[in-house]
Amino acid sequence: MAATSHTPTVDLSLAWVMEPVPTAHWLVILPVALCIALGAILLMMRGRMHLQPLVAIPGFAVVVLMDALLLAQVVQNGPVTMVMGRWLPPFGIAFTVDVFGALMALTAAIVALCGSVYALHDINDSGRRYGFYPFLMLLLAGVTGAFLTGDIFNLYVWFEVLLISSFGLLILGSEREQIDGAMKYAVLNLIGTTLFLIAVGYLYSIFGTLNMADIAEKARAGIDGAPLFTLSALFILAFGMKAAAFPVNFWLPASYHTPRIVVSALFAGLLTKVGVYALIRVMVMLLPMGLAGLSGVLAVSAALTMVLGALGAMAQSDLRRMFGYLVISGIGSMMAGVAIGTQAGLSGAIVYALHSIVLMTALYLMAGAAARIGGSFSMTGLGGIYATSPWFAGLSLSLVFAASGLPPFSGLWPKIMLVEASMKTGSWWLAAAILVSGFLTTIALGRMFLIAYWRPAMDREEEAPPVSLPAGMWLPMIALFALVVFFGIFPDGIIRLAQIAADGVLNPQAYLHSVFPAGGA
């Protein structure tokens with residue numbers, strides 16, 4: 001008589017995703033996976049420096065295309081979630097993308113593509129041999145991973161990836177000044193990362209999960225006796241340090257002027273915005289009660305960051321140092337939107353972040369081109385650029401107007417949105433700080449243009465011969481300039497997307513439904 005099998009039946013549908021993953025959902029992880037794969041390939045091509053751009057630049061273009069398709073998918077169908085290893089959330093690691101994350105990822109990929117083209121004339125064979133393009137690929141992987149992940153511990157992991165790759169980019173050249181700047185950058189960022197890790201552990205001890213959607217759901221349901229105030233203060237301090245907010249911003253002006261100019265440009269455009277993104281994602285979507293209790297402190301920090309950053313820019317004579325302080329001042333404007341906390345305030349902060357990623361990258365690339373024409377990053381060492389390169393001077397003046405928030409460029413609209421949102425909540429002093437910082441920024445940049453571009457060079461007896469910029473430097477600057485002008489003249493589309501993004505963070509029901517379609521963890 002045959003023995004009867006008593007093997008128990010396991011219902012894997014309770015723990016696994018059993019249905020095939022839709023093709024479109026692969027877009028959620030493909031930008032990150034492609035960056036990591038191309039970074040590894042470029043590392044293996046270390047000895048073939050002339051071939052590295054031929055792989056890297058098309059690779060960045062493909063990442064831009066993927067991010068654009070992902071944004072279109074999310075706008076049309078709502079947030080998308082993909083889990084690793086088919087394990088269901090909250091146990092499986094999830095990538096969840098909404099409009100906010102997709103917008104930031106696409107903008108980051110665009111400036112990385114522009115930087116990779118500009119690097120053709122800014123990074124020599126030594127820089128390529130020591131890993132410029134692999135580090136740049138890993139930097140974009142870290143930034144994109146931070147924007148797309150739905151797991152807060154993996155947000156920390158992506159912070160680590162971008163920190164390691166940015167440290168590698170910072171010390172390319174191994175000059176004494178670079179090592180000094182890299183030490184300040186690394187120490188302060190490691191302190192911020194450690195605070196972030198402590199906060200993540202604290203968060204897990206309270207909620208018992210690291211999935212963002214699960215945390216948001218449990219936080220809204222309320223947990224009695226949870227020390228949300230302490231937890232929120234830890235996150236604000238950690239992300240404030242990453243974003244270079246006052247009073248933990250001194251590492252930025254001490255380090256951003258030391259690397260190659262294309263590296264400074266990408267740092268200025270990308271790194272601090274990841275801190276702002278994390279601040280919005282964690283404090284607004286996950287811990288709104290903690291944000292409400294600390295919004296006053298955040299608003300004061302935002303106002304001081306704005307005004308002191310603009311004053312710092314006025315005191316500088318080196319273009320790179322001055323733009324570093326403008327990065328800080330812009331971070332204050334974004335934090336003001338977070339502190340206001342309304343849909344209008346958050347929309348203004350998101351539009352400002354997108355504008356700042358493009359503009360600050362363009363300004364640093366402009367500084368590199370000015371130094372090639374005039375032979376110096378110092379305003380007093382330059383001079384007379386308008387006479388020798390009028391087209392470049394015109395492009396530079398347009399970027400100056402955009403940074404000052406003057407029409408018809410992209411900087412105008414987020415300032416209007418933030419001032420209006422401040423006035424509606426009765427925070428007139430915050431609106432005044434936004435206007436004062438804009439006025440001081442205009443003075444600082446106007447002084448820069450008059451000394452470095454309009455006034456003839458003081459220490460030259462003869463007029464310098466015109467210097468032609470190569471097409472590889474013109475193309476990325478013109479592309480970023482075109483974005484600045486386009487968003488300035490046609491702001492409706494980007495403002496509408498920012499409003500959808502802000503609404504998705506404030507009311508994350510669609511985000512939660514994407515992770516838990518059955519209705520709960």
# chains A, B, ... in the order shown; residues from 1 in each chain; ligands from 1
>>> residues_around(residues="A:Leu399", least_positions_apart="5", cutoff="9 Å", atoms="only C-alpha atoms", output="PyMOL selection string")
chain A and resi 359+362-363+366+394+404+409+481+484
>>> select_by_dssp(residues="stretch 95-180 of chain A", states="helix (DSSP H, G or I)", output="count of residues only")
69
>>> closest_residue(among="A:Ile495, A:Leu88, A:Leu252, A:Ile489", to="A:Phe323", atoms="only C-alpha atoms")
A:Leu252
>>> residues_around(residues="A:Ile36", least_positions_apart="6", cutoff="12 Å", atoms="only C-alpha atoms", output="PyMOL selection string")
chain A and resi 29-30+42-43+56+59-60+63+133-145+158+161-162+165
>>> closest_residue(among="A:Ile443, A:Val64, A:Leu298, A:Ala371", to="A:Arg320", atoms="only C-alpha atoms")
A:Ala371
>>> residues_around(residues="stretch 448-450 of chain A", least_positions_apart="4", cutoff="12 Å", atoms="only C-alpha atoms", output="ChimeraX atom specification")
/A:313-320,322-323,367,370,377-386,392-401,441-444,454-457
>>> write_last_selection(atoms="N, CA and C atoms", output="compact mmCIF listing (two decimals), in the first residue's frame")
# COMPACT_ATOMS: atom_id res chain seq x y z
N ALA A 313 27.57 85.74 0.06
CA ALA A 313 27.88 85.89 -1.37
C ALA A 313 28.39 87.29 -1.68
N MET A 314 27.84 88.31 -1.01
CA MET A 314 28.28 89.68 -1.25
C MET A 314 29.72 89.91 -0.83
N ALA A 315 30.19 89.10 0.13
CA ALA A 315 31.53 89.33 0.68
C ALA A 315 32.63 88.62 -0.10
N GLN A 316 32.25 87.84 -1.13
CA GLN A 316 33.24 87.02 -1.83
C GLN A 316 33.76 87.70 -3.10
N SER A 317 35.01 87.39 -3.45
CA SER A 317 35.56 87.87 -4.71
C SER A 317 35.88 86.71 -5.65
N ASP A 318 35.80 85.49 -5.16
CA ASP A 318 36.01 84.30 -5.99
C ASP A 318 34.65 83.79 -6.46
N LEU A 319 34.51 83.55 -7.77
CA LEU A 319 33.20 83.15 -8.30
C LEU A 319 32.69 81.87 -7.66
N ARG A 320 33.58 80.88 -7.47
CA ARG A 320 33.13 79.60 -6.93
C ARG A 320 32.65 79.75 -5.49
N MET A 322 31.48 82.48 -4.13
CA MET A 322 30.24 83.27 -4.13
C MET A 322 29.05 82.38 -4.49
N PHE A 323 29.21 81.52 -5.50
CA PHE A 323 28.10 80.66 -5.89
C PHE A 323 27.80 79.64 -4.79
N ALA A 367 31.03 79.77 -14.57
CA ALA A 367 32.26 80.22 -13.90
C ALA A 367 33.48 79.54 -14.52
N ALA A 370 34.13 81.23 -17.79
CA ALA A 370 34.69 82.58 -17.55
C ALA A 370 36.17 82.48 -17.19
N PHE A 377 39.47 82.60 -11.49
CA PHE A 377 38.14 82.56 -10.88
C PHE A 377 37.88 83.81 -10.04
N SER A 378 38.89 84.65 -9.91
CA SER A 378 38.74 85.86 -9.10
C SER A 378 38.11 86.97 -9.94
N MET A 379 37.17 87.71 -9.34
CA MET A 379 36.55 88.82 -10.07
C MET A 379 37.60 89.84 -10.50
N THR A 380 38.53 90.14 -9.61
CA THR A 380 39.54 91.14 -9.94
C THR A 380 40.53 90.62 -10.98
N GLY A 381 40.69 89.31 -11.04
CA GLY A 381 41.58 88.74 -12.05
C GLY A 381 40.93 88.65 -13.41
N LEU A 382 39.61 88.72 -13.45
CA LEU A 382 38.89 88.69 -14.72
C LEU A 382 38.77 90.12 -15.26
N GLY A 383 37.65 90.45 -15.83
CA GLY A 383 37.46 91.81 -16.36
C GLY A 383 37.46 91.81 -17.87
N GLY A 384 36.54 92.61 -18.41
CA GLY A 384 36.50 92.79 -19.84
C GLY A 384 35.95 91.62 -20.64
N ILE A 385 35.24 90.68 -19.99
CA ILE A 385 34.71 89.53 -20.72
C ILE A 385 33.65 89.97 -21.73
N TYR A 386 32.90 91.02 -21.38
CA TYR A 386 31.86 91.50 -22.30
C TYR A 386 32.47 91.92 -23.63
N PHE A 392 28.81 85.11 -24.75
CA PHE A 392 28.94 84.45 -23.45
C PHE A 392 28.49 85.40 -22.32
N ALA A 393 28.84 86.68 -22.46
CA ALA A 393 28.42 87.66 -21.45
C ALA A 393 26.89 87.77 -21.39
N GLY A 394 26.24 87.72 -22.55
CA GLY A 394 24.78 87.78 -22.57
C GLY A 394 24.16 86.57 -21.90
N LEU A 395 24.72 85.38 -22.18
CA LEU A 395 24.21 84.17 -21.53
C LEU A 395 24.40 84.26 -20.01
N SER A 396 25.57 84.76 -19.59
CA SER A 396 25.85 84.88 -18.16
C SER A 396 24.89 85.86 -17.50
N LEU A 397 24.61 86.97 -18.17
CA LEU A 397 23.69 87.97 -17.59
C LEU A 397 22.29 87.38 -17.43
N SER A 398 21.89 86.53 -18.37
CA SER A 398 20.57 85.88 -18.25
C SER A 398 20.53 84.97 -17.03
N LEU A 399 21.60 84.23 -16.79
CA LEU A 399 21.63 83.36 -15.61
C LEU A 399 21.65 84.19 -14.32
N VAL A 400 22.32 85.35 -14.37
CA VAL A 400 22.32 86.26 -13.21
C VAL A 400 20.90 86.72 -12.91
N PHE A 401 20.16 87.09 -13.95
CA PHE A 401 18.77 87.51 -13.76
C PHE A 401 17.94 86.37 -13.16
N THR A 441 20.99 89.09 -3.18
CA THR A 441 21.55 88.27 -4.26
C THR A 441 21.73 89.08 -5.53
N THR A 442 20.76 89.94 -5.83
CA THR A 442 20.86 90.80 -7.01
C THR A 442 22.07 91.72 -6.92
N ILE A 443 22.29 92.29 -5.73
CA ILE A 443 23.45 93.17 -5.54
C ILE A 443 24.76 92.39 -5.74
N ALA A 444 24.83 91.19 -5.14
CA ALA A 444 26.06 90.39 -5.23
C ALA A 444 26.36 90.02 -6.67
N TRP A 454 31.90 93.56 -17.25
CA TRP A 454 31.73 94.86 -17.89
C TRP A 454 32.99 95.72 -17.82
N ARG A 455 33.60 95.81 -16.63
CA ARG A 455 34.78 96.66 -16.46
C ARG A 455 36.00 96.04 -17.14
N PRO A 456 36.82 96.84 -17.81
CA PRO A 456 38.05 96.27 -18.40
C PRO A 456 38.96 95.73 -17.31
N ALA A 457 39.76 94.74 -17.67
CA ALA A 457 40.69 94.16 -16.70
C ALA A 457 41.67 95.22 -16.22
>>> residues_around(residues="stretch 114-124 of chain A", least_positions_apart="3", cutoff="6 Å", atoms="only C-alpha atoms", output="list in words")
Val111, Gly127, Gly472, Met473 and Pro476 of chain A
>>> residues_around(residues="stretch 279-283 of chain A", least_positions_apart="2", cutoff="7 Å", atoms="only C-alpha atoms", output="CSV table (one decimal) with N, CA, C and O atoms, in the first residue's frame")
chain,number,residue,atom,x,y,z
A,236,ILE,N,15.6,66.4,11.4
A,236,ILE,CA,15.8,67.8,10.9
A,236,ILE,C,17.2,68.2,11.0
A,236,ILE,O,17.8,68.8,10.0
A,239,PHE,N,19.2,66.0,8.2
A,239,PHE,CA,18.9,66.5,6.8
A,239,PHE,C,19.3,68.0,6.6
A,239,PHE,O,19.7,68.4,5.5
A,275,GLY,N,19.2,66.4,0.3
A,275,GLY,CA,18.8,66.7,1.7
A,275,GLY,C,17.4,67.4,1.8
A,275,GLY,O,16.6,67.0,2.7
A,276,VAL,N,17.1,68.3,0.9
A,276,VAL,CA,15.8,69.0,1.0
A,276,VAL,C,14.7,68.0,0.6
A,276,VAL,O,13.7,67.9,1.3
A,277,TYR,N,15.0,67.1,-0.4
A,277,TYR,CA,14.0,66.1,-0.7
A,277,TYR,C,13.7,65.2,0.5
A,277,TYR,O,12.6,64.9,0.8
A,285,MET,N,5.6,63.8,4.9
A,285,MET,CA,4.8,62.6,4.6
A,285,MET,C,4.8,61.7,5.8
A,285,MET,O,3.7,61.1,6.1
A,286,LEU,N,5.9,61.5,6.5
A,286,LEU,CA,6.0,60.4,7.5
A,286,LEU,C,5.7,61.0,8.9
A,286,LEU,O,5.0,60.3,9.7
A,287,LEU,N,6.2,62.2,9.2
A,287,LEU,CA,6.1,62.7,10.6
A,287,LEU,C,5.5,64.1,10.6
A,287,LEU,O,6.1,65.1,11.1
A,288,PRO,N,4.3,64.3,10.1
A,288,PRO,CA,3.7,65.6,10.0
A,288,PRO,C,3.4,66.2,11.4
A,288,PRO,O,3.5,67.4,11.6
A,291,LEU,N,6.7,67.7,12.5
A,291,LEU,CA,7.0,69.0,11.7
A,291,LEU,C,6.1,70.1,12.3
A,291,LEU,O,6.6,71.3,12.4
A,338,VAL,N,9.0,74.3,3.3
A,338,VAL,CA,8.7,73.2,4.2
A,338,VAL,C,8.1,73.7,5.5
A,338,VAL,O,7.2,73.1,6.0
A,505,VAL,N,2.4,64.3,-1.4
A,505,VAL,CA,3.2,64.2,-0.1
A,505,VAL,C,2.3,64.5,1.1
A,505,VAL,O,2.4,63.9,2.1
>>> residues_around(residues="A:Asn189", least_positions_apart="3", cutoff="8 Å", atoms="only C-alpha atoms", output="number ranges by chain")
A: 163, 185-186, 192-193, 241-242
>>> write_last_selection(atoms="N, CA, C and O atoms", output="mmCIF file, in the first residue's frame")
data_model
loop_
_atom_site.group_PDB
_atom_site.id
_atom_site.type_symbol
_atom_site.label_atom_id
_atom_site.label_comp_id
_atom_site.auth_asym_id
_atom_site.auth_seq_id
_atom_site.Cartn_x
_atom_site.Cartn_y
_atom_site.Cartn_z
ATOM 1 N N LEU A 163 27.577 59.753 -0.984
ATOM 2 C CA LEU A 163 28.649 60.346 -0.184
ATOM 3 C C LEU A 163 30.009 59.775 -0.601
ATOM 4 O O LEU A 163 30.984 60.517 -0.780
ATOM 5 N N TYR A 185 34.445 68.328 4.177
ATOM 6 C CA TYR A 185 33.214 67.791 3.584
ATOM 7 C C TYR A 185 32.888 66.414 4.167
ATOM 8 O O TYR A 185 31.747 66.141 4.562
ATOM 9 N N ALA A 186 33.908 65.548 4.227
ATOM 10 C CA ALA A 186 33.667 64.171 4.664
ATOM 11 C C ALA A 186 33.302 64.109 6.145
ATOM 12 O O ALA A 186 32.349 63.417 6.528
ATOM 13 N N GLY A 192 26.502 63.982 9.851
ATOM 14 C CA GLY A 192 25.099 64.021 9.446
ATOM 15 C C GLY A 192 24.558 62.637 9.140
ATOM 16 O O GLY A 192 23.426 62.297 9.516
ATOM 17 N N THR A 193 25.368 61.812 8.483
ATOM 18 C CA THR A 193 24.928 60.452 8.149
ATOM 19 C C THR A 193 24.751 59.616 9.413
ATOM 20 O O THR A 193 23.807 58.817 9.522
ATOM 21 N N MET A 241 21.913 69.285 7.964
ATOM 22 C CA MET A 241 23.358 69.229 7.717
ATOM 23 C C MET A 241 23.639 68.817 6.275
ATOM 24 O O MET A 241 24.526 69.364 5.618
ATOM 25 N N LYS A 242 22.879 67.842 5.770
ATOM 26 C CA LYS A 242 23.053 67.425 4.374
ATOM 27 C C LYS A 242 22.697 68.556 3.404
ATOM 28 O O LYS A 242 23.306 68.692 2.348
#
>>> atom_distance(atom1="atom CA of A:Gly330", atom2="atom CA of A:Gly309")
8.1 Å
>>> closest_residue(among="A:Glu420, A:Asp125, A:Glu217, A:Asp67", to="A:Gly348", atoms="only C-alpha atoms")
A:Glu420
>>> atom_distance(atom1="atom CA of A:Pro491", atom2="atom CA of A:Ile357")
16.0 Å
>>> atom_distance(atom1="atom CA of A:Ser126", atom2="atom CA of A:Glu175")
12.7 Å
